[in-house]
Each structure stands twice: as C-alpha cells, then as structure tokens.
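Engineer: Contents are compact mmCIF, C-alpha atoms and all ligand atoms; file name entry_29.txt:
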```txt
# COMPACT_ATOMS: atom_id res chain seq x y z
CA MET A 1 52.47 41.47 74.06
CA THR A 2 50.83 38.78 71.92
CA THR A 3 52.07 35.33 72.91
CA SER A 4 52.16 32.29 70.67
CA THR A 5 49.20 30.90 72.62
CA ASP A 6 47.22 34.07 71.80
CA GLN A 7 48.18 33.82 68.15
CA ALA A 8 47.15 30.16 67.98
CA TRP A 9 43.90 31.01 69.77
CA ASN A 10 43.05 33.76 67.28
CA LEU A 11 43.77 31.51 64.33
CA ALA A 12 41.70 28.71 65.88
CA LYS A 13 38.82 31.10 66.54
CA ALA A 14 38.80 32.16 62.90
CA ARG A 15 39.14 28.59 61.65
CA TYR A 16 36.21 27.34 63.74
CA ALA A 17 34.13 30.36 62.72
CA GLU A 18 34.32 29.07 59.14
CA PHE A 19 32.22 26.15 60.42
CA ASN A 20 29.92 28.41 62.42
CA VAL A 21 31.44 27.24 65.68
CA ASP A 22 31.87 29.90 68.36
CA VAL A 23 34.86 28.92 70.48
CA GLU A 24 34.03 31.38 73.28
CA SER A 25 30.59 29.78 73.73
CA ALA A 26 32.25 26.37 73.76
CA LEU A 27 34.51 27.42 76.64
CA THR A 28 31.61 28.99 78.52
CA LEU A 29 29.69 25.72 78.26
CA LEU A 30 32.72 23.67 79.25
CA ASP A 31 32.81 25.68 82.46
CA THR A 32 29.35 24.39 83.35
CA LEU A 33 30.24 20.69 83.04
CA PRO A 34 31.88 19.31 86.17
CA VAL A 35 33.72 16.01 86.10
CA SER A 36 33.41 14.03 89.33
CA MET A 37 36.82 12.70 90.28
CA HIS A 38 36.78 9.44 92.21
CA CYS A 39 38.68 9.48 95.50
CA TRP A 40 39.61 5.80 95.19
CA GLN A 41 42.33 6.32 92.55
CA GLY A 42 44.37 7.86 95.37
CA ASP A 43 44.75 4.76 97.53
CA ASP A 44 43.80 1.73 95.41
CA VAL A 45 40.25 1.55 96.89
CA ALA A 46 41.60 0.82 100.38
CA GLY A 47 39.67 3.44 102.39
CA PHE A 48 40.34 4.50 105.97
CA GLU A 49 38.52 1.99 108.13
CA ASN A 50 41.94 0.58 109.03
CA THR A 51 40.73 -2.98 109.40
CA GLY A 52 43.63 -4.32 107.40
CA GLY A 53 41.21 -6.22 105.16
CA ALA A 54 41.82 -6.82 101.48
CA LEU A 55 39.93 -5.28 98.56
CA THR A 56 37.13 -7.72 97.73
CA GLY A 57 33.97 -7.70 95.61
CA GLY A 58 35.59 -8.93 92.43
CA ILE A 59 37.50 -5.71 91.73
CA GLN A 60 41.26 -5.35 91.78
CA ALA A 61 43.89 -2.62 91.80
CA THR A 62 47.10 -4.00 90.36
CA GLY A 63 50.53 -2.46 90.88
CA ASN A 64 52.53 -1.21 93.80
CA TYR A 65 53.66 2.30 92.93
CA PRO A 66 55.04 3.94 96.08
CA GLY A 67 53.41 6.84 97.92
CA LYS A 68 49.73 6.04 98.12
CA ALA A 69 47.61 8.09 100.52
CA ARG A 70 47.30 6.44 103.94
CA ASN A 71 44.75 8.72 105.51
CA ALA A 72 42.24 11.42 104.60
CA VAL A 73 44.69 14.27 105.17
CA GLU A 74 47.12 12.76 102.67
CA LEU A 75 44.35 11.96 100.22
CA ARG A 76 43.03 15.53 100.32
CA SER A 77 46.54 16.86 99.80
CA ASP A 78 47.01 14.56 96.79
CA LEU A 79 43.66 15.57 95.38
CA GLU A 80 44.53 19.24 95.74
CA GLN A 81 47.72 18.62 93.81
CA ALA A 82 45.86 16.78 91.04
CA MET A 83 43.03 19.29 90.88
CA ALA A 84 45.49 22.17 90.53
CA LEU A 85 46.55 20.63 87.22
CA ILE A 86 43.08 20.13 85.76
CA PRO A 87 41.17 23.09 84.32
CA GLY A 88 37.51 23.89 84.99
CA PRO A 89 34.83 22.59 87.34
CA LYS A 90 35.33 19.38 89.32
CA ARG A 91 33.48 17.38 91.95
CA LEU A 92 34.74 14.68 94.27
CA ASN A 93 33.18 11.25 94.49
CA LEU A 94 33.62 9.59 97.90
CA HIS A 95 33.03 6.03 99.00
CA ALA A 96 31.71 5.28 102.49
CA ILE A 97 35.00 3.61 103.46
CA TYR A 98 36.67 7.03 103.29
CA LEU A 99 35.09 8.10 106.58
CA GLU A 100 37.14 9.70 109.35
CA SER A 101 36.75 8.47 112.91
CA ASP A 102 39.04 7.81 115.89
CA THR A 103 37.11 4.68 116.74
CA ALA A 104 35.84 1.86 114.55
CA VAL A 105 32.40 2.52 113.04
CA GLU A 106 30.26 -0.26 111.62
CA ARG A 107 29.12 0.38 108.06
CA ASN A 108 25.46 0.48 109.09
CA GLU A 109 26.26 3.15 111.68
CA ILE A 110 28.06 5.72 109.57
CA GLU A 111 26.85 9.29 110.04
CA PRO A 112 27.34 12.71 108.50
CA LYS A 113 29.79 13.63 111.27
CA HIS A 114 32.23 11.05 109.92
CA PHE A 115 32.44 13.09 106.71
CA ALA A 116 32.44 16.58 108.23
CA ASN A 117 36.09 17.21 107.32
CA TRP A 118 35.42 16.26 103.71
CA VAL A 119 32.50 18.70 103.60
CA GLU A 120 34.55 21.53 105.11
CA TRP A 121 37.34 20.89 102.66
CA ALA A 122 34.93 20.71 99.70
CA ARG A 123 33.34 23.98 100.79
CA GLN A 124 36.72 25.70 100.90
CA LYS A 125 37.64 24.37 97.48
CA GLY A 126 34.24 25.10 95.91
CA LEU A 127 33.63 21.43 95.10
CA GLY A 128 30.42 19.41 95.04
CA LEU A 129 30.55 15.94 96.61
CA ASP A 130 29.06 12.66 95.40
CA PHE A 131 28.79 9.46 97.41
CA ASN A 132 28.70 5.65 97.34
CA PRO A 133 27.82 3.04 99.94
CA SER A 134 30.69 0.51 100.11
CA CYS A 135 29.23 -2.99 99.80
CA PHE A 136 32.55 -4.83 99.52
CA SER A 137 35.78 -5.43 101.47
CA HIS A 138 33.83 -6.45 104.57
CA PRO A 139 33.33 -9.74 106.46
CA LEU A 140 29.58 -9.61 105.74
CA SER A 141 30.19 -9.51 101.99
CA ALA A 142 32.83 -12.24 102.08
CA ASP A 143 30.62 -14.89 100.51
CA GLY A 144 29.85 -12.64 97.55
CA PHE A 145 26.41 -11.32 98.49
CA THR A 146 25.08 -8.18 100.16
CA LEU A 147 21.67 -6.70 99.34
CA SER A 148 20.53 -9.94 97.68
CA HIS A 149 21.85 -12.19 100.45
CA ALA A 150 19.62 -15.12 101.39
CA ASN A 151 20.23 -14.43 105.08
CA PRO A 152 17.81 -11.67 106.18
CA GLU A 153 20.18 -10.44 108.91
CA ILE A 154 22.99 -9.86 106.45
CA ARG A 155 20.61 -8.27 103.97
CA LYS A 156 19.36 -5.96 106.71
CA PHE A 157 22.91 -4.90 107.52
CA TRP A 158 23.53 -3.81 103.93
CA ILE A 159 20.12 -2.15 103.62
CA GLU A 160 20.96 -0.12 106.72
CA HIS A 161 24.36 0.76 105.29
CA CYS A 162 22.77 2.07 102.10
CA GLN A 163 20.12 3.97 104.06
CA ALA A 164 22.81 5.56 106.24
CA SER A 165 24.73 6.42 103.07
CA ARG A 166 21.72 8.23 101.62
CA ARG A 167 21.52 10.43 104.71
CA ILE A 168 25.19 11.30 104.30
CA SER A 169 24.67 12.03 100.62
CA ALA A 170 21.75 14.33 101.43
CA TYR A 171 23.92 16.06 104.03
CA PHE A 172 26.52 16.72 101.31
CA GLY A 173 23.85 18.18 99.07
CA ARG A 174 22.38 20.41 101.76
CA GLU A 175 25.73 21.65 103.03
CA LEU A 176 27.25 22.34 99.65
CA GLY A 177 24.16 23.50 97.75
CA THR A 178 24.53 20.95 94.96
CA ALA A 179 22.82 17.56 94.78
CA SER A 180 25.05 14.61 95.60
CA VAL A 181 24.68 11.66 93.25
CA MET A 182 24.81 8.47 95.33
CA ASN A 183 25.61 5.37 93.37
CA ILE A 184 24.74 1.90 94.60
CA TRP A 185 26.95 -0.86 93.26
CA VAL A 186 26.84 -4.32 94.84
CA PRO A 187 29.21 -7.11 93.89
CA ASP A 188 26.59 -9.83 94.34
CA GLY A 189 27.11 -12.76 92.06
CA MET A 190 28.28 -16.34 91.66
CA LYS A 191 31.35 -18.00 90.27
CA ASP A 192 29.49 -20.85 88.68
CA LEU A 193 26.17 -21.91 87.23
CA THR A 194 23.39 -20.51 89.35
CA VAL A 195 20.04 -22.21 89.58
CA ASP A 196 17.77 -19.79 91.39
CA ARG A 197 18.64 -16.50 89.69
CA PHE A 198 15.11 -15.24 90.14
CA ALA A 199 15.28 -15.41 93.94
CA PHE A 200 18.49 -13.37 94.09
CA ARG A 201 17.08 -10.72 91.79
CA GLU A 202 13.80 -10.55 93.61
CA ARG A 203 15.63 -10.06 96.91
CA LEU A 204 17.82 -7.34 95.40
CA MET A 205 14.77 -5.52 94.09
CA THR A 206 12.98 -5.65 97.44
CA ALA A 207 16.09 -4.60 99.34
CA LEU A 208 16.65 -1.63 97.05
CA ASP A 209 13.03 -0.61 97.50
CA GLU A 210 13.63 -0.51 101.23
CA VAL A 211 16.83 1.45 100.74
CA ILE A 212 15.14 4.20 98.76
CA SER A 213 11.88 4.24 100.71
CA GLU A 214 12.75 7.41 102.64
CA LYS A 215 11.93 10.35 100.38
CA ILE A 216 14.78 12.80 99.96
CA ASP A 217 14.56 16.06 98.03
CA GLU A 218 16.28 15.81 94.63
CA LYS A 219 17.77 19.20 95.33
CA TYR A 220 20.14 17.43 97.71
CA HIS A 221 20.42 13.82 96.68
CA LEU A 222 19.97 11.55 93.66
CA ASP A 223 19.96 7.73 93.80
CA ALA A 224 21.81 5.88 91.05
CA VAL A 225 22.19 2.13 90.44
CA GLU A 226 25.12 0.51 88.62
CA SER A 227 24.95 -2.69 86.62
CA LYS A 228 27.77 -5.07 85.81
CA LEU A 229 28.39 -8.04 83.56
CA PHE A 230 30.79 -9.98 85.77
CA GLY A 231 33.41 -9.66 88.49
CA ILE A 232 36.40 -11.75 89.51
CA GLY A 233 34.86 -14.73 91.30
CA ALA A 234 31.41 -13.84 89.96
CA GLU A 235 31.96 -14.84 86.37
CA SER A 236 28.75 -16.78 85.77
CA PHE A 237 26.06 -14.70 87.40
CA THR A 238 25.74 -11.09 88.47
CA VAL A 239 22.52 -10.27 90.27
CA GLY A 240 22.56 -6.58 89.27
CA SER A 241 22.77 -7.06 85.52
CA ASN A 242 22.14 -4.37 82.91
CA GLU A 243 18.55 -5.45 82.32
CA PHE A 244 17.90 -5.59 86.06
CA TYR A 245 18.98 -2.02 86.66
CA LEU A 246 17.51 -0.58 83.49
CA GLY A 247 14.18 -1.97 84.66
CA TYR A 248 14.78 -0.81 88.20
CA ALA A 249 15.83 2.74 87.32
CA THR A 250 12.95 3.11 84.88
CA THR A 251 10.24 1.93 87.25
CA ARG A 252 11.63 3.54 90.42
CA LYS A 253 12.73 6.74 88.70
CA THR A 254 16.29 6.57 89.97
CA ALA A 255 19.34 7.48 87.93
CA LEU A 256 21.07 4.73 86.00
CA CYS A 257 24.84 4.34 86.19
CA LEU A 258 26.66 3.11 83.11
CA ASP A 259 30.24 1.97 83.71
CA ALA A 260 32.32 1.70 80.52
CA GLY A 261 33.93 -1.50 81.81
CA HIS A 262 30.75 -3.34 82.73
CA PHE A 263 29.66 -4.72 79.39
CA HIS A 264 30.80 -7.22 76.79
CA PRO A 265 34.17 -6.22 75.30
CA THR A 266 32.76 -4.83 72.06
CA GLU A 267 29.76 -3.15 73.69
CA VAL A 268 30.12 0.58 74.33
CA ILE A 269 28.24 2.79 76.75
CA SER A 270 28.28 5.73 74.32
CA ASP A 271 25.61 3.93 72.32
CA LYS A 272 23.49 3.33 75.42
CA ILE A 273 23.16 6.97 76.42
CA SER A 274 20.49 7.92 73.88
CA THR A 275 18.43 4.87 74.78
CA ALA A 276 18.67 5.30 78.53
CA MET A 277 17.85 8.99 78.28
CA LEU A 278 14.47 8.15 76.76
CA PHE A 279 13.48 6.21 79.85
CA VAL A 280 15.34 7.62 82.85
CA GLN A 281 15.69 11.22 83.91
CA HIS A 282 19.31 11.07 85.05
CA LEU A 283 22.36 9.09 84.02
CA LEU A 284 25.56 8.68 85.95
CA LEU A 285 28.61 7.70 83.93
CA HIS A 286 31.58 5.80 85.24
CA VAL A 287 34.03 6.59 82.48
CA SER A 288 36.67 3.90 82.58
CA ARG A 289 38.92 1.94 80.20
CA PRO A 290 38.46 -1.80 80.12
CA VAL A 291 41.47 -3.61 78.67
CA ARG A 292 40.19 -7.10 77.78
CA TRP A 293 38.16 -7.08 81.00
CA ASP A 294 36.89 -4.58 83.58
CA SER A 295 40.48 -3.60 84.29
CA ASP A 296 39.82 0.05 85.21
CA HIS A 297 42.78 1.49 83.30
CA VAL A 298 43.24 5.27 83.18
CA ILE A 299 41.03 6.71 80.46
CA LEU A 300 42.57 7.88 77.21
CA LEU A 301 41.44 10.48 74.72
CA ASP A 302 40.29 7.55 72.62
CA ASP A 303 37.32 6.92 70.37
CA GLU A 304 35.01 5.75 73.14
CA THR A 305 35.76 8.61 75.54
CA GLN A 306 35.17 10.96 72.62
CA ALA A 307 31.95 9.21 71.63
CA ILE A 308 30.64 9.49 75.20
CA ALA A 309 31.36 13.23 75.17
CA HIS A 310 29.69 13.62 71.77
CA GLU A 311 26.52 11.95 73.01
CA ILE A 312 26.29 14.32 75.99
CA ILE A 313 26.98 17.45 73.96
CA ARG A 314 25.13 16.65 70.75
CA ASN A 315 21.98 15.87 72.72
CA ARG A 316 22.35 18.78 75.15
CA LEU A 317 22.17 16.44 78.14
CA PHE A 318 24.08 18.84 80.35
CA ASP A 319 21.87 18.65 83.43
CA ARG A 320 20.82 15.03 83.03
CA VAL A 321 24.14 13.26 82.60
CA HIS A 322 26.53 13.27 85.56
CA ILE A 323 30.07 12.55 84.50
CA GLY A 324 32.02 10.40 86.95
CA LEU A 325 35.29 8.56 86.51
CA ASP A 326 36.10 5.05 87.64
CA PHE A 327 39.62 3.82 87.17
CA PHE A 328 42.29 2.79 89.63
CA ASP A 329 45.78 2.11 88.45
CA ALA A 330 48.31 1.34 91.20
CA SER A 331 51.20 0.81 88.77
CA ILE A 332 51.82 4.51 88.01
CA ASN A 333 51.92 7.72 90.02
CA ARG A 334 48.36 7.98 91.30
CA ILE A 335 48.17 11.75 91.01
CA ALA A 336 49.33 11.55 87.41
CA ALA A 337 46.61 8.95 86.82
CA TRP A 338 43.94 11.39 87.99
CA VAL A 339 45.43 14.23 85.95
CA ILE A 340 45.77 12.22 82.73
CA GLY A 341 42.29 10.72 82.96
CA THR A 342 40.43 13.84 84.04
CA ARG A 343 42.17 16.08 81.51
CA ASN A 344 41.28 13.56 78.81
CA MET A 345 37.61 13.62 79.80
CA LYS A 346 37.65 17.39 79.62
CA LYS A 347 39.49 17.43 76.30
CA ALA A 348 36.85 15.08 74.91
CA LEU A 349 34.09 17.41 76.12
CA LEU A 350 35.83 20.41 74.57
CA ARG A 351 36.28 18.65 71.24
CA ALA A 352 32.62 17.70 71.27
CA LEU A 353 31.67 21.31 72.01
CA LEU A 354 33.74 22.43 69.02
CA GLU A 355 32.05 20.04 66.62
CA PRO A 356 30.01 21.64 63.80
CA THR A 357 27.09 19.46 64.79
CA ASP A 358 24.37 21.40 62.97
CA MET A 359 26.18 20.95 59.69
CA LEU A 360 26.72 17.22 60.34
CA ARG A 361 23.08 16.74 61.28
CA LYS A 362 21.99 18.40 58.07
CA LEU A 363 24.26 16.19 55.97
CA GLU A 364 22.79 13.16 57.71
CA ALA A 365 19.20 14.35 57.26
CA ASP A 366 19.94 14.98 53.57
CA GLY A 367 21.26 11.46 53.19
CA ASP A 368 24.72 12.71 52.23
CA TYR A 369 26.61 10.06 54.17
CA THR A 370 29.76 10.59 52.13
CA ALA A 371 30.06 14.19 53.24
CA ARG A 372 29.06 13.23 56.79
CA LEU A 373 31.99 10.80 57.04
CA ALA A 374 34.35 13.21 55.30
CA MET A 375 33.50 16.06 57.67
CA LEU A 376 33.55 13.88 60.77
CA GLU A 377 37.09 12.92 59.89
CA GLU A 378 38.29 16.36 58.73
CA GLN A 379 37.09 18.17 61.84
CA LYS A 380 39.24 15.91 64.02
CA SER A 381 42.26 17.88 62.89
CA LEU A 382 40.84 21.36 63.42
CA PRO A 383 43.00 23.28 65.92
CA TRP A 384 41.20 22.27 69.14
CA GLN A 385 44.54 22.09 70.97
CA ALA A 386 44.91 25.87 70.71
CA VAL A 387 41.48 26.28 72.30
CA TRP A 388 42.44 23.83 75.06
CA GLU A 389 45.63 25.77 75.78
CA THR A 390 43.75 29.02 76.15
CA TYR A 391 41.23 27.29 78.41
CA CYS A 392 44.05 25.99 80.62
CA GLN A 393 45.72 29.38 80.66
CA ARG A 394 42.49 31.09 81.73
CA HIS A 395 42.22 28.59 84.59
CA ASN A 396 45.84 29.00 85.60
CA VAL A 397 46.66 25.41 84.84
CA PRO A 398 49.55 24.05 82.73
CA ALA A 399 48.46 23.77 79.11
CA GLY A 400 50.69 20.87 78.11
CA SER A 401 52.89 18.19 79.59
CA GLU A 402 54.58 20.69 81.97
CA TRP A 403 52.11 19.45 84.58
CA LEU A 404 54.18 16.29 84.86
CA GLN A 405 57.07 18.29 86.30
CA THR A 406 54.84 19.48 89.14
CA VAL A 407 53.75 15.91 89.85
CA ARG A 408 57.39 14.78 89.88
CA GLN A 409 58.30 17.51 92.38
CA TYR A 410 55.40 16.50 94.62
CA GLU A 411 56.47 12.89 94.34
CA GLN A 412 59.95 13.84 95.50
CA SER A 413 58.97 16.15 98.30
CA VAL A 414 55.85 14.36 99.60
CA LEU A 415 55.06 10.91 98.19
CA SER A 416 58.56 9.49 98.50
CA LYS A 417 58.53 10.23 102.25
CA ARG A 418 55.45 8.11 102.94
C1 LIG B 1 34.85 1.34 93.66
C2 LIG B 1 33.73 1.54 92.65
O1 LIG B 1 32.58 1.96 93.21
C3 LIG B 1 33.52 0.31 91.86
O2 LIG B 1 34.60 0.35 90.97
C4 LIG B 1 32.23 0.19 91.07
O3 LIG B 1 31.76 1.42 90.62
C5 LIG B 1 32.54 -0.72 89.96
O4 LIG B 1 32.64 -0.26 88.86
C6 LIG B 1 32.77 -2.15 90.23
O5 LIG B 1 33.26 -2.81 89.15
MN MN B 2 31.93 1.70 88.32
```
Can you present the structure in this file as structure tokens?

Structural biologist:
Amino acid sequence: MTTSTDQAWNLAKARYAEFNVDVESALTLLDTLPVSMHCWQGDDVAGFENTGGALTGGIQATGNYPGKARNAVELRSDLEQAMALIPGPKRLNLHAIYLESDTAVERNEIEPKHFANWVEWARQKGLGLDFNPSCFSHPLSADGFTLSHANPEIRKFWIEHCQASRRISAYFGRELGTASVMNIWVPDGMKDLTVDRFAFRERLMTALDEVISEKIDEKYHLDAVESKLFGIGAESFTVGSNEFYLGYATTRKTALCLDAGHFHPTEVISDKISTAMLFVQHLLLHVSRPVRWDSDHVILLDDETQAIAHEIIRNRLFDRVHIGLDFFDASINRIAAWVIGTRNMKKALLRALLEPTDMLRKLEADGDYTARLAMLEEQKSLPWQAVWETYCQRHNVPAGSEWLQTVRQYEQSVLSKR
C-alpha cells in the first residue's frame, strides 16, 4: 500500500529532479556524515568526578530542569533514548570529567581503563568516540589559568592532563576503528586589562608543543585546538584567541576548532570555513547558538546552521570537517535538547545536499546575481521535508514531532524518579 509519506517522497523526487538533484544520492551521502553529540548536554557539564565542585572556566549552564544524569549509567541511558530519535550516523564526544572510577583519580592520572565502559558501550552501539581534556572546574584552574599558567608546577599538571587525554583518545580510535578528534580548550584569560599578553601566549604555545610532542597515528587520533573571544570572568583577555589558534593549527598541522559562540556577535563561523580549509587539513566545528553572548543555546534550523552545512557540502569537505555540537541548556528536558539540536544539524545537512549547487555556481560565474538570489530563495521551499520524512522512516525514527511523546514517556518513567 502506498502511504502518504511514499506519495510525498515520489513527488519530491520528481520535483528535485527538475533541478538535476538526485534525492537518493543525497540520502546516501547524508548517511556518511556523522554528527558528534556532546555528552555534556546530559548533565550540565558536571561530570562524574564527584568532587562537588562548581562548573568554572567562564562557562555556565543555566536552568534547573529536573532529571539530569547523575552517573555514567544514567547518562548512557539518556543518550540511548536521544539517539533513538535521531536518524543516521552519530558519534559521542566525551570530556575527561566523564570518567568512571570507584576511587578519586587526579586529572593528570586518567587512563584508558577509566573509559573502558564507554568504549564497550560505543562498540555495541556502533558509535565513534571523540574526546576532550577538561581544563576547568578544578582547584588548579581556580585562578583562571591552566596551560599558560605562570607557575611551572601548575602548567605541568595541565600538560600531563592533556597528554594523558591524548592517550585515551588514541585508545578510543584504536578500539573503535575510527579516529577520535580530541579538542583542547582552555579557559585561560583575565577579567581586566592585561599587561604581559605576550608571556601568556608564549607559555601556551610552548605548553601545547609539549602536549602534542608524542606522535600518534592519525588513524586513531587527531588534535584540535579551540579559540574563544571571552568567557565570564575573562572578559578582557583570552590567551587562546582566534589568531593564536589559527597560527598554531597552521604551523603545527593540528585541526582547528571553530565554536559558533566564540566570536563577536555578528561574526559567523560559516564564513571562516573556506578560509581555514585553505590552511589546515582538518576542522572541528562546535555548532552552537550564541544568544547575545556565548550562551550555548540549543541550535535551531536557522540561517547560520544552514550556512555552516552549505559550506561543508558545497565544498565537498566531508572527510575534513568534523561536525560536533556544543550547547548545554539546563532549562528544558535535556534529552529533548539533544534531539532538537542534532535533528536540526542533520536537517541542515540534508537541505544542503538537496541544493542545486551546480546551477547556482553557474549563475554566479555568469554574473547573473539576480537569478542567483531568486533561486537561492525559491529552493528553500522545495519539498525537503518529504525527503527528511523518508530518511527518518528508513532509519526507524519518528519523522515529525511524535518523538516528543517518547521523550515525555521517558521523563515520566525514568527522569522524574531521579
Ligand atoms: C565543555 C566544552 O568543551 C566547552 O563548552 C568548550 O568547548 C567551549 O566552547 C567553552 O566556551
Ligand atoms: Mn566549544
């Protein structure tokens, strides 16, 4: 029996064919583009060290929605629930503070064994893992500095933490057969006017060089570095600025991480992708939604998310751009936050894959900017939703807002009992 989804799919296929767009190829390609979901949406970046310390480093999760994950078992269960509602390939991005251990482990002493359960779980679920050292929420980062700290002992501690993190990342890559992207973000910065900026940046550069000095096969592990404009309490000076890391990634041949919330309010990372890709081999994206500041709101299917997807797809950057998410909203159901944001990223990728790019490129090359604008606008209302629904159906995932019902049931039966 032909369902209404099938009918819509057939009509959409024919409609896109008029623009020389093959919807089947678009779906095949979409299945090769994993989105790395960040574990920290599930518990407001608290982690499982159980030290009772607050979230520091100039980042903040606001809200107090009930039911957040309190341990790794709960977090994995929540992730499974979210992932069941998101079609297509996914990865999981872990921070070092999400280790599992019966006894306290210092950050510079973390080992692969502390993440063995995550690896087993990822293997069962067919997921790749990515990783991050956690250079915040710790007594030795309390004064706002880690890798660029003036005290060599404190610097050494954070260097060792990042080195230990790389070994864990490589372990993920080896065990799961897919390279883990390990992103280094440090909160280092100052609240007020800073005199010796050079010294901080020189120390950060030297510390990072030590961190990455051990060669690790790219088959298993990729280093990435993430810049930032400012953080709460570090409004005047951030050691790891955009220029710092662009220079660092270019000269050291690491990946560069662009976080959508880490620039001036009218600056967009979509426009930075084509520049960065000329100078670095790999990019990591932290797709986020800054609302007036680096607020890490859940991403929408908005112009910037779409523009990011267009840049990846139009330039065929499939193997060079690693799509990660970075938002943490504690004011709404956390599983719904993952589902909304990750589905939006995937919808944006699908819409980009359905774009008649060859035709648009030709109009641009011919100087017909009127037609370029007209077609860019017209194709927004082509029936991409029908293609999305078929994609969801093929992956056994709710096509529309029915997914919310499942989240509500889980909230009632699981989250509300926490
Ligand atoms: C927890 C994340 O690693 C962190 O959000 C970092 O990526 C960042 O964006 C800090 O503002
Ligand atoms: Mn980020």

Engineer: I'd like the interatomic distance between atom CA of A:Pro112 and atom CA of A:Glu210, to a tenth of an Å.

Structural biologist: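 According to the coordinates, atom CA of A:Pro112 and atom CA of A:Glu210 are separated by 20.4 Å.
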
Engineer: Any idea what's packed within 9 Å of stretch 77-92 of chain A, counting only C-alpha atoms, ignoring anything in its chain fewer than 4 positions away? Could you give it as number ranges by chain?

Structural biologist: A: 30-39, 42, 69, 72-73, 122, 125-131, 324, 334-340, 342-343, 346, 391-399, 403, 406-407, 410, 415

Engineer: Can you check which parts of chain A lie within 10 Å of ligand LIG 1 (chain B)? Per residue, the shortest pair of atoms and distance in Å to one decimal, counting only C-alpha atoms and all ligand atoms, sorted by chain and number, as CSV.

Structural biologist:
```
residue,atom,partner,partner_atom,distance
A:His38,CA,B:LIG1,C1,8.5
A:Cys39,CA,B:LIG1,C1,9.2
A:Trp40,CA,B:LIG1,C1,6.7
A:Gln41,CA,B:LIG1,C1,9.1
A:Asp44,CA,B:LIG1,C1,9.1
A:Val45,CA,B:LIG1,C1,6.3
A:Ala46,CA,B:LIG1,C1,9.5
A:Leu55,CA,B:LIG1,C1,9.7
A:Gly57,CA,B:LIG1,C6,7.8
A:Gly58,CA,B:LIG1,O5,7.3
A:Ile59,CA,B:LIG1,O5,5.7
A:Gln60,CA,B:LIG1,O5,8.8
A:Ala61,CA,B:LIG1,O2,9.8
A:Asn93,CA,B:LIG1,O1,9.4
A:Leu94,CA,B:LIG1,O1,9.0
A:His95,CA,B:LIG1,O1,7.1
A:Ala96,CA,B:LIG1,O1,9.9
A:Phe131,CA,B:LIG1,O1,9.4
A:Asn132,CA,B:LIG1,O1,6.8
A:Pro133,CA,B:LIG1,O1,8.3
A:Ser134,CA,B:LIG1,O1,7.3
A:Cys135,CA,B:LIG1,O1,8.9
A:Phe136,CA,B:LIG1,C1,8.8
A:Asn183,CA,B:LIG1,O1,7.8
A:Ile184,CA,B:LIG1,O1,8.0
A:Trp185,CA,B:LIG1,C4,5.8
A:Val186,CA,B:LIG1,C6,7.8
A:Pro187,CA,B:LIG1,C6,7.1
A:Val225,CA,B:LIG1,O3,9.6
A:Glu226,CA,B:LIG1,O3,7.0
A:Ser227,CA,B:LIG1,O4,8.4
A:Lys228,CA,B:LIG1,O5,6.8
A:Leu229,CA,B:LIG1,O5,9.1
A:Phe230,CA,B:LIG1,O5,8.3
A:Gly231,CA,B:LIG1,O5,6.9
A:Ile232,CA,B:LIG1,O5,9.5
A:Cys257,CA,B:LIG1,O3,8.7
A:Leu258,CA,B:LIG1,O4,9.0
A:Asp259,CA,B:LIG1,O4,6.1
A:Ala260,CA,B:LIG1,O4,8.6
A:Gly261,CA,B:LIG1,O4,7.3
A:His262,CA,B:LIG1,O5,6.9
A:Leu285,CA,B:LIG1,O3,9.7
A:His286,CA,B:LIG1,O3,6.9
A:Val287,CA,B:LIG1,O4,9.5
A:Ser288,CA,B:LIG1,O4,8.5
A:Asp294,CA,B:LIG1,O5,6.9
A:Ser295,CA,B:LIG1,O5,8.7
A:Asp296,CA,B:LIG1,O2,7.8
A:Gly324,CA,B:LIG1,O3,9.7
A:Leu325,CA,B:LIG1,O3,9.0
A:Asp326,CA,B:LIG1,O2,6.0
A:Phe327,CA,B:LIG1,O2,7.2
A:Phe328,CA,B:LIG1,O2,8.2
```

Engineer: Using all atoms listed in the file, which residues sit within 9 Å of stretch 11-26 of chain A once same-chain residues fewer than 5 positions away are excluded, as a compact mmCIF listing (two decimals) with C-alpha atoms, keeping the file's coordinate frame?

Structural biologist:
```txt
# COMPACT_ATOMS: atom_id res chain seq x y z
CA ASP A 6 47.22 34.07 71.80
CA ASP A 31 32.81 25.68 82.46
CA LEU A 350 35.83 20.41 74.57
CA LEU A 353 31.67 21.31 72.01
CA LEU A 354 33.74 22.43 69.02
CA GLU A 355 32.05 20.04 66.62
CA PRO A 356 30.01 21.64 63.80
CA THR A 357 27.09 19.46 64.79
CA ASP A 358 24.37 21.40 62.97
CA MET A 359 26.18 20.95 59.69
CA LEU A 382 40.84 21.36 63.42
CA PRO A 383 43.00 23.28 65.92
CA TRP A 384 41.20 22.27 69.14
CA GLN A 385 44.54 22.09 70.97
CA ALA A 386 44.91 25.87 70.71
CA VAL A 387 41.48 26.28 72.30
```

Engineer: Pick from A:Glu311, A:Ala374, A:Ile332, A:Glu49: nearest to A:Thr62, with all atoms listed in the file counted?

Structural biologist: A:Ile332

Engineer: Counting all atoms listed in the file, figure out which residue out of A:Gln306, A:Thr56, A:Gln412, A:Ser148 gets nearest to A:Thr238.

Structural biologist: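 The closest residue to A:Thr238 is A:Ser148.
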
Engineer: Could you check the closest approach to ligand MN 2 (chain B) for each of A:Asn344, A:Ile212, A:Arg289, A:Ser169 and tell me which residue wins, using all atoms listed in the file?

Structural biologist: A:Arg289

Engineer: Return the single residue from A:Thr178, A:Gln7, A:Ser213, A:Ser274 that is closest to A:Asn315, with distances computed using only C-alpha atoms.

Structural biologist: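 Of A:Thr178, A:Gln7, A:Ser213, A:Ser274, the one nearest A:Asn315, counting only C-alpha atoms, is A:Ser274.
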
Engineer: My list of candidates is A:Met345, A:Ala199, A:Trp293, A:Ile273. Which is closest to A:Arg320 when distances are computed with all atoms listed in the file?

Structural biologist: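 Of A:Met345, A:Ala199, A:Trp293, A:Ile273, the one nearest A:Arg320, counting all atoms listed in the file, is A:Ile273.
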